[in-house]
$ cat query_36.cif   # mmCIF, C-alpha atoms
data_query
loop_
_atom_site.group_PDB
_atom_site.id
_atom_site.type_symbol
_atom_site.label_atom_id
_atom_site.label_comp_id
_atom_site.auth_asym_id
_atom_site.auth_seq_id
_atom_site.Cartn_x
_atom_site.Cartn_y
_atom_site.Cartn_z
ATOM 1 C CA MET A 1 -1.864 -2.210 6.770
ATOM 2 C CA LYS A 2 0.932 -4.334 7.996
ATOM 3 C CA LYS A 3 2.991 -5.522 5.163
ATOM 4 C CA VAL A 4 3.870 -9.117 5.574
ATOM 5 C CA THR A 5 5.579 -10.778 2.754
ATOM 6 C CA THR A 6 6.272 -14.428 2.905
ATOM 7 C CA LEU A 7 7.915 -16.116 0.075
ATOM 8 C CA PHE A 8 8.047 -19.827 -0.160
ATOM 9 C CA VAL A 9 11.106 -20.340 -2.226
ATOM 10 C CA VAL A 10 12.837 -23.432 -1.148
ATOM 11 C CA LEU A 11 16.459 -24.130 -0.725
ATOM 12 C CA SER A 12 16.839 -27.814 -0.187
ATOM 13 C CA PHE A 13 20.085 -29.055 1.083
ATOM 14 C CA LEU A 14 21.615 -32.355 0.497
ATOM 15 C CA ILE A 15 22.321 -34.446 3.555
ATOM 16 C CA ASN A 16 22.414 -38.040 2.477
ATOM 17 C CA PHE A 17 22.281 -37.732 -1.275
ATOM 18 C CA GLY A 18 18.643 -38.527 -0.855
ATOM 19 C CA LEU A 19 16.011 -38.433 -3.551
ATOM 20 C CA THR A 20 13.716 -35.620 -4.508
ATOM 21 C CA VAL A 21 11.452 -34.160 -1.911
ATOM 22 C CA SER A 22 7.792 -34.673 -2.531
ATOM 23 C CA SER A 23 6.558 -31.984 -0.183
ATOM 24 C CA TYR A 24 7.383 -29.194 -2.550
ATOM 25 C CA ALA A 25 5.957 -30.511 -5.773
ATOM 26 C CA GLU A 26 6.094 -28.129 -8.683
ATOM 27 C CA ALA A 27 8.555 -26.047 -6.781
ATOM 28 C CA VAL A 28 11.843 -24.669 -7.938
ATOM 29 C CA THR A 29 14.623 -25.661 -5.652
ATOM 30 C CA ALA A 30 18.249 -24.800 -5.339
ATOM 31 C CA ASN A 31 20.452 -27.487 -3.819
ATOM 32 C CA ILE A 32 23.024 -26.454 -1.319
ATOM 33 C CA ALA A 33 25.550 -28.707 0.328
ATOM 34 C CA SER A 34 24.719 -27.969 3.933
ATOM 35 C CA GLU A 35 22.697 -25.860 6.310
ATOM 36 C CA ALA A 36 25.813 -23.759 6.885
ATOM 37 C CA ILE A 37 25.509 -22.441 3.354
ATOM 38 C CA ALA A 38 21.966 -21.318 4.052
ATOM 39 C CA GLN A 39 23.308 -19.489 7.102
ATOM 40 C CA GLU A 40 25.948 -17.878 4.952
ATOM 41 C CA ILE A 41 23.387 -16.768 2.386
ATOM 42 C CA ALA A 42 21.323 -15.253 5.166
ATOM 43 C CA ALA A 43 24.322 -13.359 6.504
ATOM 44 C CA GLN A 44 25.359 -12.100 3.073
ATOM 45 C CA ALA A 45 21.817 -10.895 2.447
ATOM 46 C CA GLY A 46 21.908 -8.977 5.699
ATOM 47 C CA GLY A 47 19.299 -11.252 7.204
ATOM 48 C CA THR A 48 19.154 -14.112 9.643
ATOM 49 C CA TYR A 49 18.869 -17.865 9.571
ATOM 50 C CA VAL A 50 16.064 -19.245 11.699
ATOM 51 C CA ALA A 51 16.361 -22.926 12.462
ATOM 52 C CA GLY A 52 13.277 -25.059 12.844
ATOM 53 C CA ALA A 53 10.173 -25.968 10.898
ATOM 54 C CA ALA A 54 7.922 -23.191 12.146
ATOM 55 C CA ALA A 55 7.621 -20.326 9.675
ATOM 56 C CA PRO A 56 9.088 -17.190 11.246
ATOM 57 C CA ALA A 57 7.273 -13.891 11.386
ATOM 58 C CA VAL A 58 8.451 -11.435 8.777
ATOM 59 C CA THR A 59 8.009 -7.701 8.634
ATOM 60 C CA GLY A 60 8.013 -5.087 5.943
ATOM 61 C CA THR A 61 9.369 -6.488 2.719
ATOM 62 C CA GLN A 62 11.215 -9.390 4.262
ATOM 63 C CA VAL A 63 10.802 -12.853 2.850
ATOM 64 C CA ALA A 64 11.204 -16.237 4.498
ATOM 65 C CA LEU A 65 12.955 -18.735 2.265
ATOM 66 C CA PRO A 66 12.440 -22.329 3.449
ATOM 67 C CA VAL A 67 15.395 -24.660 3.670
ATOM 68 C CA VAL A 68 14.368 -28.265 3.172
ATOM 69 C CA SER A 69 16.217 -31.461 3.916
ATOM 70 C CA GLN A 70 16.324 -33.459 0.755
ATOM 71 C CA ALA A 71 16.571 -36.663 2.754
ATOM 72 C CA THR A 72 13.474 -36.163 4.862
ATOM 73 C CA GLY A 73 11.505 -33.580 2.932
ATOM 74 C CA ASN A 74 11.094 -31.556 6.080
ATOM 75 C CA VAL A 75 11.740 -27.875 6.522
ATOM 76 C CA VAL A 76 14.736 -27.440 8.781
ATOM 77 C CA GLY A 77 15.020 -23.680 8.747
ATOM 78 C CA TYR A 78 14.414 -20.387 6.976
ATOM 79 C CA VAL A 79 16.564 -17.682 5.475
ATOM 80 C CA VAL A 80 14.900 -14.430 6.485
ATOM 81 C CA ALA A 81 16.004 -11.294 4.674
ATOM 82 C CA GLU A 82 14.818 -8.270 2.755
ATOM 83 C CA GLN A 83 13.623 -9.450 -0.618
ATOM 84 C CA ALA A 84 15.870 -7.175 -2.673
ATOM 85 C CA SER A 85 18.972 -8.210 -0.717
ATOM 86 C CA LEU A 86 18.065 -11.852 -0.979
ATOM 87 C CA VAL A 87 17.587 -11.689 -4.746
ATOM 88 C CA SER A 88 20.894 -9.914 -5.110
ATOM 89 C CA THR A 89 22.690 -12.441 -2.887
ATOM 90 C CA LEU A 90 21.160 -15.436 -4.632
ATOM 91 C CA ASN A 91 22.142 -14.023 -8.011
ATOM 92 C CA ALA A 92 25.700 -13.383 -6.866
ATOM 93 C CA ALA A 93 25.914 -16.921 -5.470
ATOM 94 C CA GLY A 94 24.816 -18.359 -8.784
ATOM 95 C CA TYR A 95 21.282 -19.306 -7.802
ATOM 96 C CA THR A 96 19.930 -17.200 -10.633
ATOM 97 C CA SER A 97 16.782 -19.257 -11.190
ATOM 98 C CA VAL A 98 15.898 -18.906 -7.563
ATOM 99 C CA ALA A 99 16.540 -15.169 -7.721
ATOM 100 C CA SER A 100 14.414 -14.762 -10.851
ATOM 101 C CA SER A 101 11.666 -16.783 -9.254
ATOM 102 C CA VAL A 102 11.723 -14.598 -6.173
ATOM 103 C CA ALA A 103 11.308 -11.551 -8.406
ATOM 104 C CA ALA A 104 8.572 -13.287 -10.391
ATOM 105 C CA SER A 105 6.764 -13.956 -7.140
ATOM 106 C CA THR A 106 6.864 -10.247 -6.414
ATOM 107 C CA ALA A 107 5.243 -9.436 -9.725
ATOM 108 C CA GLY A 108 2.730 -12.269 -9.361
ATOM 109 C CA THR A 109 1.648 -11.092 -5.950
ATOM 110 C CA ALA A 110 1.052 -7.567 -7.201
ATOM 111 C CA ALA A 111 -0.885 -8.878 -10.191
ATOM 112 C CA GLY A 112 -3.055 -11.130 -8.051
ATOM 113 C CA MET A 113 -3.878 -8.234 -5.785
ATOM 114 C CA ALA A 114 -4.741 -6.018 -8.738
ATOM 115 C CA VAL A 115 -7.163 -8.610 -10.103
ATOM 116 C CA GLY A 116 -8.706 -9.304 -6.730
ATOM 117 C CA THR A 117 -9.108 -5.613 -6.092
ATOM 118 C CA GLY A 118 -10.610 -5.068 -9.499
ATOM 119 C CA VAL A 119 -13.173 -7.814 -9.000
ATOM 120 C CA SER A 120 -14.154 -6.650 -5.581
ATOM 121 C CA VAL A 121 -14.136 -3.036 -6.787
ATOM 122 C CA GLY A 122 -11.430 -1.857 -4.533
ATOM 123 C CA THR A 123 -12.582 -3.665 -1.463
ATOM 124 C CA ILE A 124 -9.762 -5.386 0.399
ATOM 125 C CA ALA A 125 -10.593 -7.264 3.575
ATOM 126 C CA ALA A 126 -9.346 -5.458 6.629
ATOM 127 C CA GLY A 127 -6.262 -7.000 8.134
ATOM 128 C CA ALA A 128 -5.488 -9.102 5.103
ATOM 129 C CA ALA A 129 -1.870 -10.111 5.113
ATOM 130 C CA VAL A 130 0.012 -9.424 1.980
ATOM 131 C CA VAL A 131 1.540 -12.711 1.108
ATOM 132 C CA GLY A 132 4.136 -12.756 -1.548
ATOM 133 C CA GLY A 133 4.801 -15.820 -3.563
ATOM 134 C CA ALA A 134 3.906 -19.336 -2.740
ATOM 135 C CA SER A 135 6.414 -20.977 -4.978
ATOM 136 C CA ALA A 136 8.803 -23.493 -3.651
ATOM 137 C CA LEU A 137 11.986 -23.648 -5.605
ATOM 138 C CA VAL A 138 13.216 -27.156 -6.082
ATOM 139 C CA VAL A 139 16.646 -27.420 -7.456
ATOM 140 C CA ALA A 140 17.975 -30.860 -8.293
ATOM 141 C CA ALA A 141 20.898 -32.178 -6.359
ATOM 142 C CA GLY A 142 24.060 -31.281 -8.081
ATOM 143 C CA GLY A 143 26.573 -30.014 -5.607
ATOM 144 C CA SER A 144 27.350 -26.535 -4.501
ATOM 145 C CA GLY A 145 26.877 -24.944 -7.912
ATOM 146 C CA GLY A 146 23.129 -24.897 -7.498
ATOM 147 C CA THR A 147 21.690 -26.533 -10.608
ATOM 148 C CA THR A 148 17.967 -26.221 -10.954
ATOM 149 C CA THR A 149 15.091 -28.350 -12.055
ATOM 150 C CA SER A 150 11.460 -28.377 -11.270
ATOM 151 C CA HIS A 151 9.743 -31.404 -9.872
ATOM 152 C CA HIS A 152 6.250 -32.241 -10.916
ATOM 153 C CA HIS A 153 4.015 -34.818 -9.350
ATOM 154 C CA MET B 1 -36.718 -17.325 -58.965
ATOM 155 C CA ARG B 2 -34.547 -20.339 -58.143
ATOM 156 C CA LYS B 3 -31.510 -18.269 -59.087
ATOM 157 C CA SER B 4 -32.617 -15.524 -56.713
ATOM 158 C CA ILE B 5 -33.113 -17.979 -53.856
ATOM 159 C CA PHE B 6 -29.738 -19.536 -54.566
ATOM 160 C CA LEU B 7 -28.021 -16.147 -54.583
ATOM 161 C CA PHE B 8 -29.840 -15.163 -51.412
ATOM 162 C CA LEU B 9 -28.723 -18.338 -49.618
ATOM 163 C CA LEU B 10 -25.182 -17.833 -50.864
ATOM 164 C CA LEU B 11 -25.054 -14.280 -49.585
ATOM 165 C CA PHE B 12 -26.727 -15.279 -46.331
ATOM 166 C CA THR B 13 -24.220 -18.071 -45.725
ATOM 167 C CA PHE B 14 -21.131 -16.027 -46.411
ATOM 168 C CA GLY B 15 -22.530 -12.968 -44.707
ATOM 169 C CA PHE B 16 -23.325 -14.960 -41.635
ATOM 170 C CA GLY B 17 -19.948 -16.638 -41.772
ATOM 171 C CA GLU B 18 -18.209 -13.286 -41.923
ATOM 172 C CA ALA B 19 -19.981 -12.035 -38.818
ATOM 173 C CA PHE B 20 -18.968 -15.166 -36.945
ATOM 174 C CA PRO B 21 -15.643 -16.130 -38.502
ATOM 175 C CA ASP B 22 -14.928 -18.798 -35.913
ATOM 176 C CA GLY B 23 -17.678 -20.869 -37.457
ATOM 177 C CA THR B 24 -19.550 -21.442 -34.253
ATOM 178 C CA GLY B 25 -22.449 -19.262 -35.287
ATOM 179 C CA ASN B 26 -22.554 -18.010 -31.728
ATOM 180 C CA PRO B 27 -19.454 -16.082 -30.636
ATOM 181 C CA GLU B 28 -20.812 -15.641 -27.127
ATOM 182 C CA ASP B 29 -20.188 -19.286 -26.368
ATOM 183 C CA ALA B 30 -16.612 -19.090 -27.626
ATOM 184 C CA ILE B 31 -15.947 -15.887 -25.673
ATOM 185 C CA LEU B 32 -17.410 -17.185 -22.443
ATOM 186 C CA GLU B 33 -15.758 -20.569 -22.807
ATOM 187 C CA SER B 34 -12.297 -19.101 -23.331
ATOM 188 C CA SER B 35 -12.674 -16.706 -20.453
ATOM 189 C CA GLU B 36 -13.969 -19.313 -18.063
ATOM 190 C CA ARG B 37 -11.288 -21.755 -19.165
ATOM 191 C CA PHE B 38 -8.594 -19.206 -18.346
ATOM 192 C CA PHE B 39 -9.653 -18.984 -14.711
ATOM 193 C CA ILE B 40 -10.313 -22.707 -14.444
ATOM 194 C CA SER B 41 -6.822 -23.393 -15.799
ATOM 195 C CA LEU B 42 -5.336 -21.164 -13.132
ATOM 196 C CA LYS B 43 -7.365 -22.944 -10.484
ATOM 197 C CA LYS B 44 -6.040 -26.296 -11.718
ATOM 198 C CA ASN B 45 -2.486 -24.959 -11.872
ATOM 199 C CA ASP B 46 -2.503 -25.564 -15.626
ATOM 200 C CA PHE B 47 -0.371 -22.511 -16.185
ATOM 201 C CA ASN B 48 0.501 -23.388 -19.756
ATOM 202 C CA THR B 49 -3.139 -23.319 -20.857
ATOM 203 C CA ALA B 50 -3.780 -20.161 -18.866
ATOM 204 C CA TRP B 51 -0.783 -18.446 -20.469
ATOM 205 C CA ASN B 52 -1.981 -19.334 -23.946
ATOM 206 C CA LEU B 53 -5.406 -17.926 -23.191
ATOM 207 C CA LEU B 54 -3.996 -14.526 -22.332
ATOM 208 C CA SER B 55 -3.941 -11.684 -24.839
ATOM 209 C CA LEU B 56 -0.621 -10.708 -26.379
ATOM 210 C CA LYS B 57 -0.563 -7.452 -24.475
ATOM 211 C CA SER B 58 -1.202 -9.275 -21.214
ATOM 212 C CA ARG B 59 1.681 -11.662 -21.812
ATOM 213 C CA GLU B 60 4.060 -8.889 -22.811
ATOM 214 C CA THR B 61 3.141 -6.790 -19.810
ATOM 215 C CA ILE B 62 3.554 -9.661 -17.364
ATOM 216 C CA ILE B 63 7.022 -10.340 -18.722
ATOM 217 C CA SER B 64 7.887 -6.641 -18.432
ATOM 218 C CA ASP B 65 6.656 -6.622 -14.842
ATOM 219 C CA ILE B 66 8.953 -9.518 -13.993
ATOM 220 C CA ILE B 67 11.939 -7.926 -15.703
ATOM 221 C CA ARG B 68 11.298 -4.721 -13.792
ATOM 222 C CA ALA B 69 10.968 -6.553 -10.476
ATOM 223 C CA THR B 70 14.150 -8.533 -11.140
ATOM 224 C CA ARG B 71 16.199 -5.484 -12.033
ATOM 225 C CA LYS B 72 14.838 -3.490 -9.127
ATOM 226 C CA ALA B 73 15.957 -6.285 -6.831
ATOM 227 C CA GLY B 74 19.427 -6.163 -8.308
ATOM 228 C CA GLY B 75 19.115 -9.254 -10.422
ATOM 229 C CA GLY B 76 19.823 -9.693 -14.079
ATOM 230 C CA THR B 77 17.534 -11.381 -16.526
ATOM 231 C CA ASN B 78 16.977 -11.980 -20.195
ATOM 232 C CA LYS B 79 13.587 -11.304 -21.756
ATOM 233 C CA ASP B 80 13.812 -14.256 -24.134
ATOM 234 C CA ASP B 81 14.564 -16.601 -21.244
ATOM 235 C CA ILE B 82 11.478 -15.436 -19.417
ATOM 236 C CA ILE B 83 9.331 -15.853 -22.529
ATOM 237 C CA LYS B 84 10.585 -19.405 -22.989
ATOM 238 C CA ASP B 85 10.027 -20.110 -19.340
ATOM 239 C CA PHE B 86 6.382 -19.067 -19.520
ATOM 240 C CA GLU B 87 5.824 -20.976 -22.750
ATOM 241 C CA ASN B 88 7.135 -24.096 -21.062
ATOM 242 C CA SER B 89 5.637 -23.533 -17.600
ATOM 243 C CA GLY B 90 9.103 -23.248 -16.157
ATOM 244 C CA VAL B 91 10.293 -22.174 -12.750
ATOM 245 C CA ILE B 92 9.723 -18.453 -13.222
ATOM 246 C CA SER B 93 6.234 -19.018 -14.580
ATOM 247 C CA THR B 94 5.395 -21.355 -11.712
ATOM 248 C CA SER B 95 6.627 -18.838 -9.166
ATOM 249 C CA TYR B 96 4.658 -16.035 -10.793
ATOM 250 C CA TRP B 97 1.374 -17.888 -10.954
ATOM 251 C CA ASN B 98 1.740 -19.450 -7.519
ATOM 252 C CA ALA B 99 2.234 -15.977 -6.094
ATOM 253 C CA PHE B 100 -0.691 -14.709 -8.150
ATOM 254 C CA LEU B 101 -2.917 -17.468 -6.800
ATOM 255 C CA ASN B 102 -1.741 -16.781 -3.297
ATOM 256 C CA THR B 103 -3.464 -13.417 -3.474
ATOM 257 C CA PHE B 104 -6.270 -14.136 -5.896
ATOM 258 C CA ASN B 105 -8.598 -17.118 -5.711
ATOM 259 C CA PRO B 106 -10.110 -17.929 -9.113
ATOM 260 C CA ASP B 107 -13.279 -19.075 -7.379
ATOM 261 C CA MET B 108 -13.856 -15.445 -6.563
ATOM 262 C CA ILE B 109 -14.651 -14.915 -10.212
ATOM 263 C CA LEU B 110 -15.870 -18.419 -11.094
ATOM 264 C CA GLU B 111 -18.198 -19.068 -8.184
ATOM 265 C CA GLU B 112 -18.932 -15.721 -6.584
ATOM 266 C CA CYS B 113 -19.684 -13.568 -9.591
ATOM 267 C CA LYS B 114 -22.457 -13.119 -12.085
ATOM 268 C CA TRP B 115 -21.282 -13.108 -15.671
ATOM 269 C CA GLU B 116 -23.191 -11.228 -18.361
ATOM 270 C CA MET B 117 -22.264 -10.747 -21.966
ATOM 271 C CA GLY B 118 -21.571 -7.175 -22.964
ATOM 272 C CA VAL B 119 -20.549 -5.668 -26.262
ATOM 273 C CA ILE B 120 -19.263 -8.018 -28.969
ATOM 274 C CA ASP B 121 -17.653 -7.215 -32.279
ATOM 275 C CA LYS B 122 -15.344 -9.176 -34.538
ATOM 276 C CA GLN B 123 -12.167 -8.613 -32.543
ATOM 277 C CA LYS B 124 -13.249 -7.478 -29.102
ATOM 278 C CA ALA B 125 -15.823 -8.374 -26.536
ATOM 279 C CA GLU B 126 -16.708 -7.529 -22.987
ATOM 280 C CA ILE B 127 -18.030 -9.649 -20.171
ATOM 281 C CA ILE B 128 -19.688 -7.796 -17.330
ATOM 282 C CA ILE B 129 -18.683 -9.517 -14.112
ATOM 283 C CA THR B 130 -20.312 -8.552 -10.852
ATOM 284 C CA HIS B 131 -19.121 -9.945 -7.561
ATOM 285 C CA ARG B 132 -21.909 -10.791 -5.133
ATOM 286 C CA LYS B 133 -20.600 -8.263 -2.623
ATOM 287 C CA ALA B 134 -19.696 -5.547 -5.087
ATOM 288 C CA SER B 135 -21.817 -2.561 -5.919
ATOM 289 C CA ASP B 136 -20.192 -2.156 -9.312
ATOM 290 C CA PRO B 137 -19.100 -4.682 -11.910
ATOM 291 C CA VAL B 138 -15.784 -5.121 -13.624
ATOM 292 C CA THR B 139 -15.756 -5.284 -17.416
ATOM 293 C CA LEU B 140 -13.538 -8.137 -18.527
ATOM 294 C CA LYS B 141 -11.956 -7.372 -21.887
ATOM 295 C CA VAL B 142 -11.664 -10.334 -24.249
ATOM 296 C CA LEU B 143 -9.813 -10.096 -27.539
ATOM 297 C CA ARG B 144 -9.786 -12.229 -30.621
ATOM 298 C CA GLU B 145 -6.202 -12.940 -31.633
ATOM 299 C CA ASP B 146 -5.101 -15.567 -34.134
ATOM 300 C CA GLY B 147 -8.644 -16.831 -34.320
ATOM 301 C CA VAL B 148 -8.884 -17.465 -30.575
ATOM 302 C CA TRP B 149 -10.682 -15.431 -27.954
ATOM 303 C CA ARG B 150 -8.161 -14.503 -25.270
ATOM 304 C CA VAL B 151 -8.510 -12.840 -21.905
ATOM 305 C CA GLY B 152 -7.229 -9.286 -21.658
ATOM 306 C CA LEU B 153 -6.132 -9.533 -18.049
ATOM 307 C CA VAL B 154 -3.857 -6.516 -18.361
ATOM 308 C CA GLU B 155 -6.322 -4.590 -20.496
ATOM 309 C CA THR B 156 -8.941 -5.129 -17.794
ATOM 310 C CA PHE B 157 -7.141 -4.920 -14.505
ATOM 311 C CA TRP B 158 -3.997 -2.951 -15.208
ATOM 312 C CA ALA B 159 -5.513 -0.167 -17.312
ATOM 313 C CA GLY B 160 -7.967 2.274 -15.824
ATOM 314 C CA ARG B 161 -6.389 1.751 -12.473
ATOM 315 C CA THR B 162 -3.456 3.648 -13.970
ATOM 316 C CA ASP B 163 -0.125 2.070 -14.537
ATOM 317 C CA SER B 164 1.187 3.960 -11.548
ATOM 318 C CA PHE B 165 -1.074 2.024 -9.182
ATOM 319 C CA LEU B 166 0.186 -1.317 -10.356
ATOM 320 C CA GLN B 167 3.705 0.009 -10.441
ATOM 321 C CA LYS B 168 3.258 1.028 -6.815
ATOM 322 C CA LEU B 169 2.175 -2.498 -5.975
ATOM 323 C CA VAL B 170 5.169 -3.962 -7.801
ATOM 324 C CA ASN B 171 7.474 -1.484 -6.082
ATOM 325 C CA LEU B 172 5.906 -2.259 -2.733
ATOM 326 C CA PHE B 173 6.712 -5.904 -3.018
ATOM 327 C CA ALA B 174 10.052 -5.408 -4.696
ATOM 328 C CA GLY B 175 11.203 -3.413 -1.702
#

$ encode --input "query_36.cif" --output "structure tokens"
Amino acid sequence: MKKVTTLFVVLSFLINFGLTVSSYAEAVTANIASEAIAQEIAAQAGGTYVAGAAAPAVTGTQVALPVVSQATGNVVGYVVAEQASLVSTLNAAGYTSVASSVAASTAGTAAGMAVGTGVSVGTIAAGAAVVGGASALVVAAGGSGGTTTSHHH
Amino acid sequence: MRKSIFLFLLLFTFGFGEAFPDGTGNPEDAILESSERFFISLKKNDFNTAWNLLSLKSRETIISDIIRATRKAGGGTNKDDIIKDFENSGVISTSYWNAFLNTFNPDMILEECKWEMGVIDKQKAEIIITHRKASDPVTLKVLREDGVWRVGLVETFWAGRTDSFLQKLVNLFAG
């Protein structure tokens, strides 16, 4: 079974000191100063930065971390990298909440699958994509340090 | 005679009360209500209520799973921070449950399954849940802790499948 892991952990970057995005309610976000920082994170994690709103295809244990414009609320790109590398890079860069949330998504995905499997008595639909983590991280604007808050609507 | 009747009623009342210490007189309702409410809370993204309806072992195991996944991915974390986060429906809790719900739809158990009461005693109960497409049921373990019936998610779905199976799933996603 093809392992496709998509993680919706959002890095929103500040363009115009705009207000909180509403598209990723209840998400945990990390604010970064510019898209260039997202590109740097991707590089440090050994991954790539994919510009554009369309979610990229991921393979194996890669995750796609959305980057959202705080001004418009739109996704402007994705950091695509192996999950372990991304967690490590985010931790090193100080985005520890984001990193912990990525790891929590991993555990949550496994747990959800275990429950679903248990209920269906081991039957998993053929071709089902393994999706990992649908949490958007919304981190309040606060400069390059990456302070975090969660936004609830 | 009156004394005998009085004593009989006294014994009957306290005896009955002891068998059903929650005072409802019908523990089945309390067990089913708690269990259903757990899955409904998840469906409504009321993660705080869902968390509080989990058994102690379930909560401890979930936290351990997250710590393991974090460390495996090269991150550092503090157990107390994670506990506080889940108690306050923080960012880690939200990420966990969102991911959980991304792979498990509560309607699968709420709308697509038949629920039947199984064994009940003072501290433990079982609900036999059969999915409409399944040939065999799953036995949901429910435990009475601090006077409240709580869902043994870990006791039901982690155990029996062997810890190694779940660990393999966690490892698979942790990379």

$ closest_residue --input "query_36.cif" --among "B:Trp115, B:Pro137, B:Ile129, B:Phe100" --to "chain A" --atoms "only C-alpha atoms"
B:Phe100

$ atom_distance --input "query_36.cif" --atom1 "atom CA of B:Lys124" --atom2 "atom CA of B:Asp85"
28.2 Å

$ resolve_selection --input "query_36.cif" --expression "the PyMOL selection byres ((chain A and resi 108) around 7)" --output "short mmCIF file (atom, residue, chain, number, x, y, z; two decimals) with C-alpha atoms, keeping the file's coordinate frame"
data_model
loop_
_atom_site.label_atom_id
_atom_site.label_comp_id
_atom_site.auth_asym_id
_atom_site.auth_seq_id
_atom_site.Cartn_x
_atom_site.Cartn_y
_atom_site.Cartn_z
CA ALA A 104 8.57 -13.29 -10.39
CA SER A 105 6.76 -13.96 -7.14
CA THR A 106 6.86 -10.25 -6.41
CA ALA A 107 5.24 -9.44 -9.72
CA THR A 109 1.65 -11.09 -5.95
CA ALA A 110 1.05 -7.57 -7.20
CA ALA A 111 -0.88 -8.88 -10.19
CA GLY A 112 -3.06 -11.13 -8.05
CA TYR B 96 4.66 -16.04 -10.79
CA TRP B 97 1.37 -17.89 -10.95
CA ALA B 99 2.23 -15.98 -6.09
CA PHE B 100 -0.69 -14.71 -8.15
#

$ resolve_selection --input "query_36.cif" --expression "the PyMOL selection byres ((chain B and resi 106) around 8)" --output "PyMOL selection string"
chain B and resi 39-40+42-43+101+104-105+107-110

$ write_last_selection --input "query_36.cif" --atoms "C-alpha atoms" --output "PDB file, in the coordinates of the input"
ATOM      1  CA  PHE B  39      -9.653 -18.984 -14.711  1.00  0.00           C
ATOM      2  CA  ILE B  40     -10.313 -22.707 -14.444  1.00  0.00           C
ATOM      3  CA  LEU B  42      -5.336 -21.164 -13.132  1.00  0.00           C
ATOM      4  CA  LYS B  43      -7.365 -22.944 -10.484  1.00  0.00           C
ATOM      5  CA  LEU B 101      -2.917 -17.468  -6.800  1.00  0.00           C
ATOM      6  CA  PHE B 104      -6.270 -14.136  -5.896  1.00  0.00           C
ATOM      7  CA  ASN B 105      -8.598 -17.118  -5.711  1.00  0.00           C
ATOM      8  CA  ASP B 107     -13.279 -19.075  -7.379  1.00  0.00           C
ATOM      9  CA  MET B 108     -13.856 -15.445  -6.563  1.00  0.00           C
ATOM     10  CA  ILE B 109     -14.651 -14.915 -10.212  1.00  0.00           C
ATOM     11  CA  LEU B 110     -15.870 -18.419 -11.094  1.00  0.00           C
TER      12      LEU B 110
END

$ resolve_selection --input "query_36.cif" --expression "the PyMOL selection byres ((chain B and resi 53) around 6)" --output "number ranges by chain"
B: 38, 50-52, 54, 150

$ closest_residue --input "query_36.cif" --among "B:Ile127, B:Ala30, B:Ile63, B:Val154" --to "A:Ser100" --atoms "all atoms listed in the file"
B:Ile63

$ closest_residue --input "query_36.cif" --among "A:Thr61, A:Gln44, A:Asn74, A:Ser69" --to "chain B" --atoms "only C-alpha atoms"
A:Thr61

$ closest_residue --input "query_36.cif" --among "B:Asn48, B:Gln123, B:Ser95, B:Ser58" --to "chain A" --atoms "only C-alpha atoms"
B:Ser95

$ residues_near_point --input "query_36.cif" --point "(-8.2, -16.8, -30.6)" --cutoff "9 Å" --atoms "all atoms listed in the file" --output "list in words"
Asp22, Ser34, Leu53, Ser55, Leu143, Arg144, Glu145, Asp146, Gly147, Val148, Trp149 and Arg150 of chain B

$ atom_distance --input "query_36.cif" --atom1 "atom CA of A:Ser88" --atom2 "atom CA of A:Ala38"
14.7 Å

$ closest_residue --input "query_36.cif" --among "B:Ala125, B:Ile66, B:Ile83, B:Ile31" --to "chain A" --atoms "all atoms listed in the file"
B:Ile66

$ closest_residue --input "query_36.cif" --among "B:Val142, B:Val119, B:Val151, B:Ala134" --to "chain A" --atoms "all atoms listed in the file"
B:Ala134

$ atom_distance --input "query_36.cif" --atom1 "atom CA of A:Ala84" --atom2 "atom CA of B:Glu87"
26.4 Å

$ residues_around --input "query_36.cif" --residues "A:Glu35" --least-positions-apart "3" --cutoff "8 Å" --atoms "only C-alpha atoms" --output "list in words"
Phe13, Ile32, Ala38, Gln39 and Val67 of chain A

$ residues_around --input "query_36.cif" --residues "B:Glu155" --least-positions-apart "2" --cutoff "8 Å" --atoms "only C-alpha atoms" --output "ChimeraX atom specification"
/B:57-58,141,152-153,157-159

$ axis_aligned_box --input "query_36.cif" --around "stretch 78-85 of chain B" --padding-each-side "5 Å" --output "lines of an AutoDock Vina configuration file"
center_x = 13.2
center_y = -15.7
center_z = -21.7
size_x = 17.6
size_y = 18.8
size_z = 14.8

$ residues_around --input "query_36.cif" --residues "A:Gly46" --least-positions-apart "6" --cutoff "9 Å" --atoms "all atoms listed in the file" --output "number ranges by chain"
A: 80-82, 85-86

$ decode --input "query_36.cif" --residues "stretch 73-78 of chain A" --atoms "N, CA and C atoms" --output "mmCIF file, in the first residue's frame"
data_model
loop_
_atom_site.group_PDB
_atom_site.id
_atom_site.type_symbol
_atom_site.label_atom_id
_atom_site.label_comp_id
_atom_site.auth_asym_id
_atom_site.auth_seq_id
_atom_site.Cartn_x
_atom_site.Cartn_y
_atom_site.Cartn_z
ATOM 1 N N GLY A 73 -4.769 34.876 4.014
ATOM 2 C CA GLY A 73 -5.321 33.606 4.461
ATOM 3 C C GLY A 73 -5.165 32.499 3.447
ATOM 4 N N ASN A 74 -4.468 32.778 2.376
ATOM 5 C CA ASN A 74 -4.308 31.769 1.335
ATOM 6 C C ASN A 74 -2.995 31.010 1.482
ATOM 7 N N VAL A 75 -3.035 29.765 1.068
ATOM 8 C CA VAL A 75 -1.804 28.974 1.045
ATOM 9 C C VAL A 75 -0.958 29.464 -0.117
ATOM 10 N N VAL A 76 0.297 29.738 0.167
ATOM 11 C CA VAL A 76 1.188 30.232 -0.886
ATOM 12 C C VAL A 76 2.260 29.216 -1.239
ATOM 13 N N GLY A 77 2.363 28.178 -0.432
ATOM 14 C CA GLY A 77 3.379 27.166 -0.738
ATOM 15 C C GLY A 77 3.380 26.067 0.306
ATOM 16 N N TYR A 78 4.275 25.109 0.112
ATOM 17 C CA TYR A 78 4.399 23.979 1.037
ATOM 18 C C TYR A 78 5.865 23.633 1.263
#
